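Structure file upload.csv; described as CSV, C-alpha atoms.
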chain,number,residue,atom,x,y,z
A,129,MET,CA,7.0,27.1,-8.8
A,130,PHE,CA,6.3,25.9,-5.3
A,131,THR,CA,3.8,27.4,-2.9
A,132,THR,CA,6.1,26.7,0.1
A,133,THR,CA,9.7,27.2,1.1
A,134,PHE,CA,11.9,24.1,1.5
A,135,PRO,CA,14.5,24.0,4.3
A,136,LYS,CA,18.1,24.3,3.1
A,137,ILE,CA,19.8,21.3,4.6
A,138,ILE,CA,23.3,20.3,3.5
A,139,PRO,CA,23.8,16.6,4.5
A,140,GLN,CA,27.0,15.3,5.9
A,141,VAL,CA,28.8,12.3,4.4
A,142,LEU,CA,29.3,9.5,6.9
A,143,ALA,CA,31.8,6.6,6.5
A,144,VAL,CA,30.2,3.4,7.8
A,145,LYS,CA,31.5,-0.1,8.4
A,146,LEU,CA,29.1,-2.9,9.2
A,147,THR,CA,29.2,-6.3,10.8
A,148,VAL,CA,29.7,-9.3,8.6
A,149,LYS,CA,25.9,-9.9,8.7
A,150,GLY,CA,25.2,-6.2,7.8
A,151,GLU,CA,27.7,-6.3,4.9
A,152,ARG,CA,26.2,-9.5,3.6
A,153,SER,CA,22.8,-7.8,3.6
A,154,VAL,CA,24.1,-4.9,1.5
A,155,ARG,CA,25.7,-7.2,-1.0
A,156,SER,CA,22.4,-9.1,-1.3
A,157,GLY,CA,20.7,-5.8,-2.3
A,158,HIS,CA,18.5,-5.5,0.8
A,159,PRO,CA,17.4,-1.9,1.5
A,160,TRP,CA,17.5,-2.0,5.4
A,161,ILE,CA,20.4,-1.8,7.7
A,162,PHE,CA,19.5,-2.2,11.4
A,163,SER,CA,21.4,-0.5,14.2
A,164,GLU,CA,22.9,-3.7,15.5
A,165,SER,CA,24.6,-4.3,12.1
A,166,VAL,CA,26.5,-1.0,12.3
A,167,GLU,CA,30.1,-1.6,13.6
A,168,LYS,CA,31.5,1.9,13.2
A,169,ILE,CA,30.5,5.4,11.9
A,170,ASN,CA,33.2,8.1,11.7
A,171,LYS,CA,31.1,10.9,13.2
A,172,GLU,CA,27.7,11.6,14.7
A,173,GLY,CA,25.0,12.0,12.0
A,174,THR,CA,21.5,13.5,11.6
A,175,ALA,CA,18.5,12.4,9.6
A,176,GLY,CA,19.3,12.5,5.8
A,177,ASP,CA,23.0,12.3,6.1
A,178,ILE,CA,24.7,10.3,3.3
A,179,ALA,CA,26.0,7.0,4.6
A,180,ILE,CA,28.8,5.5,2.5
A,181,ILE,CA,29.2,1.8,3.3
A,182,PHE,CA,32.7,0.5,3.1
A,183,SER,CA,33.8,-3.1,2.9
A,184,HIS,CA,36.0,-4.6,5.6
A,185,ASN,CA,38.4,-6.4,3.2
A,186,LYS,CA,39.3,-3.8,0.5
A,187,ASN,CA,38.0,-0.6,2.2
A,188,LYS,CA,36.0,0.2,-1.0
A,189,ALA,CA,32.5,1.6,-1.1
A,190,ILE,CA,29.9,-1.1,-1.6
A,191,GLY,CA,26.7,1.0,-1.2
A,192,VAL,CA,25.1,4.3,-0.3
A,193,GLY,CA,22.2,5.0,2.0
A,194,LEU,CA,20.6,7.7,4.1
A,195,TYR,CA,21.2,7.8,7.9
A,196,ASP,CA,18.1,7.7,10.1
A,197,PRO,CA,18.9,8.0,13.8
A,198,ASP,CA,15.2,7.9,14.7
A,199,SER,CA,14.6,4.4,13.5
A,200,PRO,CA,15.8,0.9,14.3
A,201,ILE,CA,16.5,0.7,10.6
A,202,VAL,CA,19.4,3.2,11.0
A,203,ILE,CA,20.4,3.2,7.3
A,204,LYS,CA,18.0,3.1,4.4
A,205,MET,CA,19.9,2.0,1.3
A,206,LEU,CA,19.5,3.9,-2.0
A,207,HIS,CA,22.3,2.3,-4.0
A,208,HIS,CA,24.2,-1.0,-4.0
A,209,GLU,CA,27.3,-2.2,-5.7
A,210,GLY,CA,29.7,0.7,-5.2
A,211,GLY,CA,29.4,4.5,-4.6
A,212,ALA,CA,27.0,7.0,-6.0
A,213,LYS,CA,26.4,10.8,-6.0
A,214,LEU,CA,23.0,11.6,-4.7
A,215,ASP,CA,22.2,14.4,-7.1
A,216,GLU,CA,19.4,15.3,-9.5
A,217,VAL,CA,20.7,12.9,-12.2
A,218,PHE,CA,20.7,10.0,-9.7
A,219,PHE,CA,17.1,10.6,-8.6
A,220,LYS,CA,15.9,11.3,-12.1
A,221,GLU,CA,17.1,7.9,-13.3
A,222,LYS,CA,15.4,6.1,-10.4
A,223,ILE,CA,12.1,7.9,-11.0
A,224,GLN,CA,12.2,7.3,-14.8
A,225,ARG,CA,12.8,3.6,-14.2
A,226,ALA,CA,9.8,3.5,-11.8
A,227,TYR,CA,7.6,5.3,-14.3
A,228,ALA,CA,8.5,2.9,-17.1
A,229,LEU,CA,7.2,0.0,-15.0
A,230,ARG,CA,3.8,1.8,-14.9
A,231,LEU,CA,3.3,2.5,-18.6
A,232,GLY,CA,1.3,-0.6,-19.3
A,233,LEU,CA,-1.1,0.2,-16.5
A,234,LEU,CA,-1.6,3.7,-17.8
A,235,GLU,CA,-2.8,2.3,-21.2
A,236,THR,CA,-5.9,0.7,-19.4
A,237,ASP,CA,-8.1,3.8,-19.0
A,238,THR,CA,-6.5,4.3,-15.6
A,239,ASN,CA,-5.2,7.6,-14.3
A,240,SER,CA,-4.5,6.7,-10.7
A,241,TYR,CA,-1.3,4.8,-9.8
A,242,ARG,CA,1.6,4.5,-7.4
A,243,LEU,CA,4.6,6.2,-9.0
A,244,LEU,CA,7.0,5.4,-6.2
A,245,PHE,CA,6.5,2.4,-3.9
A,246,GLY,CA,9.1,3.1,-1.2
A,247,GLU,CA,12.0,0.7,-0.9
A,248,ASN,CA,10.7,-1.4,-3.8
A,249,ASP,CA,11.5,1.5,-6.2
A,250,GLY,CA,14.6,2.7,-4.3
A,251,PHE,CA,12.9,5.3,-2.1
A,252,PRO,CA,12.7,3.9,1.4
A,253,GLY,CA,10.1,5.7,3.5
A,254,LEU,CA,8.7,7.7,0.6
A,255,ILE,CA,5.4,7.0,-1.3
A,256,ALA,CA,4.2,8.9,-4.4
A,257,ASP,CA,0.7,8.4,-5.7
A,258,VAL,CA,-1.0,10.1,-8.6
A,259,TYR,CA,-4.7,10.8,-8.7
A,260,ALA,CA,-5.6,12.3,-12.1
A,261,ASN,CA,-3.7,15.6,-12.1
A,262,VAL,CA,-2.8,15.5,-8.4
A,263,LEU,CA,0.5,14.1,-7.0
A,264,VAL,CA,0.4,13.0,-3.3
A,265,VAL,CA,3.7,12.3,-1.6
A,266,LYS,CA,3.7,10.6,1.8
A,267,LEU,CA,6.8,10.7,4.0
A,268,TYR,CA,7.5,8.1,6.7
A,269,SER,CA,11.0,9.4,7.6
A,270,ALA,CA,12.7,12.8,7.9
A,271,ILE,CA,15.7,11.4,5.8
A,272,TRP,CA,14.1,12.9,2.7
A,273,LEU,CA,14.0,16.6,3.8
A,274,PRO,CA,17.4,17.5,2.2
A,275,TYR,CA,16.3,16.0,-1.2
A,276,LEU,CA,12.5,16.7,-1.2
A,277,GLU,CA,12.5,19.8,-3.4
A,278,THR,CA,14.6,18.0,-6.1
A,279,ILE,CA,12.5,14.9,-6.0
A,280,LEU,CA,9.3,16.8,-6.1
A,281,LYS,CA,10.4,18.7,-9.2
A,282,LEU,CA,11.2,15.4,-11.0
A,283,LEU,CA,8.0,13.7,-9.9
A,284,ILE,CA,5.8,16.6,-11.1
A,285,ALA,CA,7.6,16.7,-14.4
A,286,ILE,CA,7.4,13.0,-15.2
A,287,SER,CA,3.8,12.6,-14.0
A,288,THR,CA,2.7,16.0,-15.6
A,289,THR,CA,0.6,16.7,-12.5
A,290,GLU,CA,-0.7,20.2,-11.7
A,291,THR,CA,-0.9,20.0,-7.9
A,292,ALA,CA,1.3,18.3,-5.3
A,293,VAL,CA,0.2,17.5,-1.7
A,294,LEU,CA,2.4,16.3,1.2
A,295,ARG,CA,1.1,13.7,3.6
A,296,LEU,CA,3.0,12.7,6.7
A,297,SER,CA,3.2,9.6,8.9
A,298,ARG,CA,1.9,9.9,12.4
A,299,THR,CA,5.5,9.8,13.7
A,300,LEU,CA,6.4,12.9,11.5
A,301,GLN,CA,3.2,14.7,12.4
A,302,GLN,CA,4.3,14.4,16.1
A,303,LYS,CA,7.9,15.3,15.5
A,304,GLU,CA,9.0,18.6,17.1
A,305,LYS,CA,10.0,21.4,14.8
A,306,PHE,CA,9.3,19.4,11.6
A,307,PRO,CA,9.1,22.0,8.8
A,308,PHE,CA,5.8,20.8,7.2
A,309,ILE,CA,2.4,19.9,8.4
A,310,GLU,CA,0.1,17.1,7.3
A,311,GLY,CA,-1.8,18.0,4.1
A,312,THR,CA,0.4,20.8,3.0
A,313,ILE,CA,-0.2,21.9,-0.7
A,314,LEU,CA,3.4,22.2,-2.0
A,315,TYR,CA,2.7,23.0,-5.6
A,316,GLY,CA,-0.3,24.4,-7.6
A,317,GLU,CA,-3.8,24.7,-6.2
A,318,LEU,CA,-6.4,22.4,-4.8
A,319,PRO,CA,-9.9,23.8,-5.0
A,320,ASP,CA,-11.4,20.6,-3.8
A,321,GLU,CA,-9.9,18.0,-1.5
A,322,THR,CA,-11.9,15.3,-3.3
A,323,ILE,CA,-10.3,14.2,-6.6
A,324,LEU,CA,-12.1,12.2,-9.3
A,325,PHE,CA,-10.1,9.5,-11.0
A,326,LYS,CA,-10.4,6.3,-13.0
A,327,GLU,CA,-9.3,2.8,-12.7
A,328,HIS,CA,-10.0,0.5,-15.7
A,329,GLY,CA,-12.7,2.9,-16.8
A,330,VAL,CA,-14.5,2.9,-13.5
A,331,ASN,CA,-14.9,6.3,-11.8
A,332,PHE,CA,-13.8,6.9,-8.2
A,333,SER,CA,-13.0,9.7,-5.8
A,334,ALA,CA,-10.3,10.2,-3.1
A,335,ASN,CA,-9.9,12.8,-0.5
A,336,VAL,CA,-6.1,13.5,-0.8
A,337,ILE,CA,-6.0,15.6,2.4
A,338,LYS,CA,-8.0,13.5,4.9
A,339,GLY,CA,-8.3,10.1,3.3
A,340,HIS,CA,-6.4,7.0,4.6
A,341,LYS,CA,-2.8,6.8,3.4
A,342,THR,CA,-2.7,9.1,0.4
A,343,GLY,CA,-6.4,9.1,-0.1
A,344,TYR,CA,-7.2,5.6,-1.4
A,345,PHE,CA,-5.8,2.0,-1.6
A,346,LEU,CA,-4.4,1.4,-5.1
A,347,ASP,CA,-2.8,-2.0,-4.5
A,348,HIS,CA,-6.0,-4.0,-5.0
A,349,ARG,CA,-6.9,-2.4,-8.3
A,350,ASP,CA,-6.6,-5.5,-10.4
A,351,ASN,CA,-8.5,-7.6,-7.9
A,352,ARG,CA,-11.3,-5.0,-7.9
A,353,ARG,CA,-11.4,-5.1,-11.7
A,354,ARG,CA,-11.6,-8.9,-11.7
A,355,VAL,CA,-14.3,-9.0,-9.0
A,356,GLY,CA,-16.3,-6.5,-10.9
A,357,GLU,CA,-16.2,-8.6,-14.1
A,358,LEU,CA,-17.3,-11.7,-12.1
A,359,SER,CA,-20.2,-9.8,-10.5
A,360,LYS,CA,-22.4,-9.2,-13.5
A,361,GLY,CA,-26.0,-10.0,-12.5
A,362,LYS,CA,-24.9,-11.3,-9.1
A,363,THR,CA,-25.5,-10.4,-5.5
A,364,VAL,CA,-22.3,-9.2,-3.8
A,365,LEU,CA,-21.1,-8.7,-0.2
A,366,ASP,CA,-18.1,-6.4,0.3
A,367,VAL,CA,-16.8,-6.8,3.8
A,368,PHE,CA,-14.4,-4.1,5.2
A,369,SER,CA,-15.5,-2.1,2.2
A,370,TYR,CA,-14.0,1.3,3.2
A,371,ALA,CA,-14.8,3.6,0.3
A,372,GLY,CA,-16.4,0.8,-1.7
A,373,GLY,CA,-13.6,-0.3,-4.1
A,374,PHE,CA,-14.9,-3.8,-4.8
A,375,SER,CA,-18.6,-2.6,-4.4
A,376,VAL,CA,-18.2,0.2,-7.0
A,377,HIS,CA,-16.6,-2.2,-9.6
A,378,ALA,CA,-19.4,-4.7,-9.0
A,379,LEU,CA,-22.1,-2.0,-9.5
A,380,ALA,CA,-20.3,-0.6,-12.6
A,381,ASN,CA,-20.4,-4.1,-14.0
A,382,ASN,CA,-24.2,-4.4,-13.4
A,383,ALA,CA,-24.3,-6.5,-10.3
A,384,LYS,CA,-27.9,-7.0,-9.2
A,385,GLU,CA,-27.3,-6.1,-5.6
A,386,VAL,CA,-24.2,-5.0,-3.7
A,387,THR,CA,-23.9,-4.7,0.1
A,388,SER,CA,-21.0,-2.7,1.5
A,389,LEU,CA,-20.1,-3.5,5.1
A,390,ASP,CA,-17.8,-1.3,7.2
A,391,ILE,CA,-17.4,-0.1,10.8
A,392,SER,CA,-17.1,3.5,9.6
A,393,GLU,CA,-20.3,5.4,8.7
A,394,GLN,CA,-18.1,8.0,7.1
A,395,ALA,CA,-16.4,5.4,4.9
A,396,LEU,CA,-19.8,4.1,3.8
A,397,GLU,CA,-20.9,7.6,2.8
A,398,LEU,CA,-17.8,7.6,0.5
A,399,ALA,CA,-18.8,4.2,-0.8
A,400,LYS,CA,-22.3,5.4,-1.6
A,401,ALA,CA,-20.9,8.6,-3.3
A,402,ASN,CA,-18.5,6.5,-5.3
A,403,GLY,CA,-21.3,4.2,-6.4
A,404,THR,CA,-23.2,7.1,-7.9
A,405,LEU,CA,-20.2,8.1,-10.1
A,406,ASN,CA,-20.9,5.2,-12.5
A,407,LYS,CA,-24.1,4.1,-14.4
A,408,SER,CA,-25.7,1.2,-12.6
A,409,ASN,CA,-29.0,-0.5,-12.3
A,410,GLY,CA,-28.0,-2.4,-9.2
A,411,VAL,CA,-29.2,-1.8,-5.6
A,412,HIS,CA,-26.5,-0.6,-3.2
A,413,ILE,CA,-27.0,-1.4,0.5
A,414,THR,CA,-24.7,-0.2,3.2
A,415,LEU,CA,-24.3,-1.8,6.7
A,416,ALA,CA,-22.4,-0.1,9.5
A,417,GLY,CA,-20.9,-2.2,12.3
A,418,ASP,CA,-18.2,-4.6,13.5
A,419,ALA,CA,-17.6,-6.9,10.5
A,420,PHE,CA,-17.5,-10.1,12.6
A,421,GLU,CA,-20.7,-9.3,14.4
A,422,VAL,CA,-22.6,-8.2,11.3
A,423,MET,CA,-21.5,-11.2,9.4
A,424,LYS,CA,-22.8,-13.5,12.2
A,425,GLN,CA,-26.1,-11.7,12.1
A,426,LEU,CA,-26.4,-12.0,8.3
A,427,ILE,CA,-25.8,-15.8,8.7
A,428,ASN,CA,-28.5,-16.0,11.3
A,429,ASP,CA,-30.8,-14.1,8.9
A,430,GLN,CA,-29.9,-16.8,6.3
A,431,LYS,CA,-28.5,-14.3,3.9
A,432,ARG,CA,-26.3,-15.7,1.1
A,433,TYR,CA,-24.4,-13.9,-1.7
A,434,ASP,CA,-23.1,-15.0,-5.1
A,435,VAL,CA,-19.8,-13.1,-4.5
A,436,VAL,CA,-18.3,-12.4,-1.0
A,437,VAL,CA,-15.2,-10.3,-0.7
A,438,ILE,CA,-13.4,-10.0,2.7
A,439,ASP,CA,-10.5,-7.6,2.6
A,440,PRO,CA,-9.7,-6.6,6.3
A,441,PRO,CA,-7.1,-4.1,7.5
A,442,SER,CA,-3.8,-5.4,8.7
A,443,PHE,CA,-4.3,-7.6,11.8
A,444,ALA,CA,-0.5,-8.0,12.5
A,445,LYS,CA,1.3,-4.7,12.6
A,446,ARG,CA,3.6,-6.1,15.4
A,447,GLN,CA,5.2,-9.5,15.8
A,448,LYS,CA,3.2,-10.2,19.0
A,449,GLU,CA,-0.1,-9.9,17.1
A,450,ILE,CA,0.6,-12.7,14.6
A,451,THR,CA,-1.1,-15.5,16.6
A,452,VAL,CA,-4.3,-13.5,17.0
A,453,ALA,CA,-4.2,-12.4,13.4
A,454,LYS,CA,-4.1,-16.0,12.2
A,455,LYS,CA,-7.1,-16.8,14.3
A,456,LYS,CA,-9.0,-13.8,12.8
A,457,TYR,CA,-8.2,-14.9,9.3
A,458,ALA,CA,-9.5,-18.4,10.0
A,459,GLN,CA,-12.7,-16.9,11.5
A,460,LEU,CA,-13.3,-14.7,8.5
A,461,ALA,CA,-12.9,-17.7,6.1
A,462,GLN,CA,-15.4,-19.6,8.2
A,463,LEU,CA,-17.9,-16.8,8.2
A,464,GLY,CA,-17.4,-16.1,4.5
A,465,GLU,CA,-18.1,-19.7,3.6
A,466,LYS,CA,-21.4,-19.6,5.4
A,467,LEU,CA,-22.4,-16.4,3.5
A,468,THR,CA,-21.4,-17.7,0.1
A,469,ALA,CA,-24.3,-19.0,-2.0
A,470,ARG,CA,-24.3,-22.4,-3.8
A,471,GLY,CA,-21.8,-22.2,-6.7
A,472,GLY,CA,-20.7,-18.8,-5.3
A,473,LEU,CA,-17.3,-17.2,-5.1
A,474,LEU,CA,-15.5,-16.3,-1.8
A,475,VAL,CA,-12.6,-13.8,-2.2
A,476,LEU,CA,-10.2,-13.7,0.9
A,477,ALA,CA,-7.4,-11.1,1.2
A,478,SER,CA,-4.7,-10.1,3.6
A,479,CYS,CA,-2.5,-7.0,3.7
A,480,SER,CA,-0.6,-8.1,6.9
A,481,SER,CA,3.1,-8.2,5.9
A,482,ARG,CA,3.9,-10.3,8.9
A,483,ILE,CA,1.6,-13.1,7.7
A,484,SER,CA,3.3,-14.8,4.8
A,485,ALA,CA,1.3,-15.8,1.7
A,486,GLU,CA,2.1,-19.4,2.4
A,487,ASP,CA,0.6,-19.2,5.9
A,488,PHE,CA,-2.4,-17.2,4.7
A,489,PHE,CA,-3.4,-19.6,2.0
A,490,GLN,CA,-2.8,-22.6,4.3
A,491,ILE,CA,-5.1,-21.0,6.9
A,492,ASN,CA,-7.8,-20.6,4.3
A,493,LYS,CA,-7.4,-24.1,3.0
A,494,GLU,CA,-7.5,-25.8,6.4
A,495,THR,CA,-10.5,-23.7,7.5
A,496,LEU,CA,-12.5,-24.3,4.3
A,497,GLN,CA,-11.7,-28.0,4.3
A,498,MET,CA,-13.4,-28.2,7.8
A,499,GLN,CA,-16.6,-27.0,6.2
A,500,PRO,CA,-19.0,-29.6,4.6
A,501,ARG,CA,-18.8,-28.1,1.1
A,502,THR,CA,-16.6,-28.8,-1.8
A,503,PHE,CA,-14.5,-25.9,-3.1
A,504,SER,CA,-11.6,-25.1,-5.4
A,505,LEU,CA,-8.9,-22.5,-5.2
A,506,GLN,CA,-9.3,-20.8,-8.6
A,507,LEU,CA,-6.7,-18.1,-8.3
A,508,LYS,CA,-4.0,-16.5,-6.1
A,509,THR,CA,-3.0,-12.9,-6.7
A,510,SER,CA,-0.7,-10.2,-5.1
A,511,HIS,CA,0.0,-6.5,-5.7
A,512,ASP,CA,-1.0,-4.7,-8.9
A,513,THR,CA,1.8,-3.8,-11.3
A,514,ASP,CA,2.4,-0.3,-9.7
A,515,HIS,CA,3.4,-2.0,-6.5
A,516,PRO,CA,6.5,-4.0,-7.6
A,517,VAL,CA,8.3,-6.1,-5.0
A,518,SER,CA,12.1,-6.0,-4.9
A,519,PHE,CA,12.8,-7.5,-1.4
A,520,PRO,CA,11.0,-10.1,0.7
A,521,GLU,CA,9.5,-7.7,3.3
A,522,GLY,CA,8.1,-5.5,0.5
A,523,ALA,CA,5.5,-8.1,-0.3
A,524,TYR,CA,2.4,-7.9,1.9
A,525,LEU,CA,-0.8,-8.3,-0.3
A,526,LYS,CA,-2.2,-11.7,-1.1
A,527,CYS,CA,-5.7,-12.7,-2.3
A,528,GLY,CA,-7.4,-16.0,-3.0
A,529,TYR,CA,-10.5,-16.8,-5.0
A,530,TYR,CA,-12.4,-19.8,-3.8
A,531,ARG,CA,-15.3,-21.3,-5.8
A,532,PHE,CA,-17.9,-23.5,-4.1
A,533,GLN,CA,-19.3,-26.3,-6.2
A,534,GLU,CA,-22.4,-26.7,-4.0

For the structure just supplied, provide its representation as C-alpha cells.
Amino acid sequence: MFTTTFPKIIPQVLAVKLTVKGERSVRSGHPWIFSESVEKINKEGTAGDIAIIFSHNKNKAIGVGLYDPDSPIVIKMLHHEGGAKLDEVFFKEKIQRAYALRLGLLETDTNSYRLLFGENDGFPGLIADVYANVLVVKLYSAIWLPYLETILKLLIAISTTETAVLRLSRTLQQKEKFPFIEGTILYGELPDETILFKEHGVNFSANVIKGHKTGYFLDHRDNRRRVGELSKGKTVLDVFSYAGGFSVHALANNAKEVTSLDISEQALELAKANGTLNKSNGVHITLAGDAFEVMKQLINDQKRYDVVVIDPPSFAKRQKEITVAKKKYAQLAQLGEKLTARGGLLVLASCSSRISAEDFFQINKETLQMQPRTFSLQLKTSHDTDHPVSFPEGAYLKCGYYRFQE
C-alpha cells in the first residue's frame, strides 16, 4: 500500500498531574499544556508518548494528550473529559467529524480543501490538505510518528486520494535521525509535482513538493471568490500576490486589467501560469519588488485601481514583533487608500495570529479616518469553512472590505 516503511514505535503511557492553572486549561478544552503547568510526570517520556492527565481531587483521568519534550507546549491534547484509547477507531471518528464539516464546500465545484486543521480538528501539529487526487500531510512535531501510518490510511480512505506526500516543518527537517525527509511520497505515484485543482470553478495549480506550506494557501478561498465577483470589468491590484490567488479569480471573472505584485519573481511566474489556466480577456501585468516601495512608486506615477487587495505575510511571528507589525499594517492601509480609485474597493487582510482581529480593524479604521476621503467598512471576514476555529489561538485570518465613496 505504502511506498515507504514506517518506524515501529510503541509509545509509553505517562501519568501526568498539572498545576491548578494547567488543570483549568484542560477542563476548558484548550489543546495546549505548557511545561510550567506540569507538576509531576511519573517517568521520563519521549515524543509521542501518551500523556494521561489526572485530576488532583479525585485522581481520575480528565484528558489525554501526546508528550512533546522538544516544545514549550509539552503536552498537545487530543481528548478532553476523561480517558481515551488512541487507536484506529479513535482517529477515524475524529477524521470523519472533520470531513463532515467540509462537505458543503465540496459541493461548490471545489476539489482543494484542508481536511485537518491542526489543533482545531483535534490534531495538534498536523495539517492535511487535499489537492484534487493528492493528499499532502505536513508535520510540525515528531509526536505523530507512532500514529502516522494509521492516520494516513484513514485520510487516504476518506479523501479517496491516489497519492500522499509528506511535508515537514523546518524544525523536523533539521532534526537528527528523523526517519523521513521533506517531500517524501508515501503512497501512490506523483508524475508531476504541480497539481491542477479547482476552487469555486476557477482553475489553479500547486507544487506540492516545493510550494509554500503544503503547496498553496487555502484559507483565503472565499475571499478570493468574493473579490473575483467584485472585479468584473474592473482594474485590480493584488499586493503580495504570491501565486496570484486573488489575481486569477479576478481574471476568471473578466476583470479588465490585473496587476500582481510580489517580491518573488518565481511566485509571479506561478501567478502568470495560473492566470492562463482560465479563459480571460483581461490584461495580466506582473511587478516584482518590495511591496512598500513599488506601491509608493505606483502612487507617484498616479496609478489608481478599482479594486486593491493587500494580503501580506505574517508580520508578527514573535511577541516582540507586534509593535512593528502594527505600524506596517497602518502603512499598508495608507498606501492602499492612495491607490484605490474613486468609488473603489480596498481589501486589507492579516494572517498574523499575534495581532487580534479587534486590533487589526481598529488600525485600519484609524488610518483610513486620517485620510481625506469618506469610506465605509462593508464586510469583515475570517477563515473559510475548512479552517474551523476551536480555540482562541486557532484564529489568525481577518479581512476587511473598505469602499470609498469618492

Please provide as a VMD selection string all residues within 9 Å of range 505-515 of chain A, with the sequence filter that same-chain residues fewer than 6 positions apart are discarded (counting only C-alpha atoms). chain A and resid 226 to 227 229 to 230 232 to 233 241 to 245 248 to 249 346 to 351 489 493 523 to 531

Exercise: range 320-322 of chain A partners within 10 Å, only C-alpha atoms, chain neighbours under 5 positions left out, as a PDB file with C-alpha atoms, in the coordinates of the input:
ATOM      1  CA  GLY A 311      -1.800  18.000   4.100  1.00  0.00           C
ATOM      2  CA  PHE A 332     -13.800   6.900  -8.200  1.00  0.00           C
ATOM      3  CA  SER A 333     -13.000   9.700  -5.800  1.00  0.00           C
ATOM      4  CA  ALA A 334     -10.300  10.200  -3.100  1.00  0.00           C
ATOM      5  CA  ASN A 335      -9.900  12.800  -0.500  1.00  0.00           C
ATOM      6  CA  VAL A 336      -6.100  13.500  -0.800  1.00  0.00           C
ATOM      7  CA  ILE A 337      -6.000  15.600   2.400  1.00  0.00           C
ATOM      8  CA  LYS A 338      -8.000  13.500   4.900  1.00  0.00           C
ATOM      9  CA  GLY A 339      -8.300  10.100   3.300  1.00  0.00           C
ATOM     10  CA  GLY A 343      -6.400   9.100  -0.100  1.00  0.00           C
TER      11      GLY A 343
END

Please identify all polymer residues within 10 Å of Val437 in chain A, counting only C-alpha atoms, omitting same-chain residues fewer than 5 positions from it, and present them as an MDAnalysis selection string. chainID A and resid 352 355 364:369 374:375 388 464 468 473:477 527:529

Within 12 Å of (10.9, -13.8, 0.1) (file coordinates; only C-alpha atoms), which protein or nucleic acid residues are there? I'd like them as an MDAnalysis selection string. chainID A and resid 158 481:482 484:486 517:524

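The neighbours of range 143-145 of chain A here are the residues that come within 7 Å of it, using all atoms listed in the file and leaving out any residue fewer than 2 positions away in the same chain; they are Val141, Val166, Glu167, Lys168, Ile169, Asn170, Ala179, Ile180, Ile181, Phe182, Ser183 and His184 of chain A.
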
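When CA of Leu206 in chain A is paired with CA of Asp257 in chain A, their separation reads 19.7 Å.
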
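The shortest atom-to-atom distance to His328 in chain A, with all atoms listed in the file taken into account, belongs to A:Asp237 out of A:Asp215, A:Glu290, A:Asp237, A:Asp177.
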
Atom pair CA of Asn261 in chain A + CA of Asp439 in chain A, distance 28.3 Å

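When only C-alpha atoms are used to compute distances to Thr131 in chain A, the closest of the residues A:Asn492, A:Asn185, A:Gln302, A:Thr312 turns out to be A:Thr312.
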
Using only C-alpha atoms, list the residues that have an atom at most 9 Å from (-2.2, -10.7, 8.3), coordinates as in the file, as a compact mmCIF listing (two decimals) with C-alpha atoms, in the frame of the given file.
# COMPACT_ATOMS: atom_id res chain seq x y z
CA PRO A 440 -9.70 -6.60 6.30
CA PRO A 441 -7.10 -4.10 7.50
CA SER A 442 -3.80 -5.40 8.70
CA PHE A 443 -4.30 -7.60 11.80
CA ALA A 444 -0.50 -8.00 12.50
CA LYS A 445 1.30 -4.70 12.60
CA ILE A 450 0.60 -12.70 14.60
CA ALA A 453 -4.20 -12.40 13.40
CA LYS A 454 -4.10 -16.00 12.20
CA LYS A 456 -9.00 -13.80 12.80
CA TYR A 457 -8.20 -14.90 9.30
CA ALA A 477 -7.40 -11.10 1.20
CA SER A 478 -4.70 -10.10 3.60
CA CYS A 479 -2.50 -7.00 3.70
CA SER A 480 -0.60 -8.10 6.90
CA SER A 481 3.10 -8.20 5.90
CA ARG A 482 3.90 -10.30 8.90
CA ILE A 483 1.60 -13.10 7.70
CA SER A 484 3.30 -14.80 4.80
CA PHE A 488 -2.40 -17.20 4.70
CA TYR A 524 2.40 -7.90 1.90

Taking into account only C-alpha atoms, which residue in the set A:Pro139, A:Gly410, A:Gly316, A:Pro274 is nearest to Glu385 in chain A? A:Gly410

Of the candidates A:Val264, A:Ile271, A:Leu283, A:Val436, which one gets nearest to Glu310 in chain A if we count only C-alpha atoms? A:Val264

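Coordinates place CA of Gly157 in chain A at a distance of 17.9 Å from CA of Glu221 in chain A.
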
Could you add N, CA, C and O atoms to range 514-520 of chain A and give me the result as a CSV table (one decimal), in the coordinates of the input?
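rebuild_7.csv, freshly written:
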chain,number,residue,atom,x,y,z
A,514,ASP,N,1.8,-1.5,-10.2
A,514,ASP,CA,2.4,-0.3,-9.7
A,514,ASP,C,2.9,-0.5,-8.3
A,514,ASP,O,3.3,0.5,-7.7
A,515,HIS,N,2.8,-1.7,-7.8
A,515,HIS,CA,3.4,-2.0,-6.5
A,515,HIS,C,4.4,-3.2,-6.6
A,515,HIS,O,4.2,-4.3,-6.1
A,516,PRO,N,5.5,-2.9,-7.4
A,516,PRO,CA,6.5,-4.0,-7.6
A,516,PRO,C,7.2,-4.4,-6.3
A,516,PRO,O,7.3,-3.6,-5.3
A,517,VAL,N,7.6,-5.6,-6.2
A,517,VAL,CA,8.3,-6.1,-5.0
A,517,VAL,C,9.7,-6.4,-5.3
A,517,VAL,O,10.0,-7.3,-6.1
A,518,SER,N,10.7,-5.8,-4.6
A,518,SER,CA,12.1,-6.0,-4.9
A,518,SER,C,12.9,-6.6,-3.7
A,518,SER,O,14.0,-6.8,-3.8
A,519,PHE,N,12.2,-6.8,-2.6
A,519,PHE,CA,12.8,-7.5,-1.4
A,519,PHE,C,11.7,-8.2,-0.6
A,519,PHE,O,10.5,-7.8,-0.7
A,520,PRO,N,12.0,-9.3,0.1
A,520,PRO,CA,11.0,-10.1,0.7
A,520,PRO,C,10.0,-9.3,1.6
A,520,PRO,O,8.8,-9.6,1.5
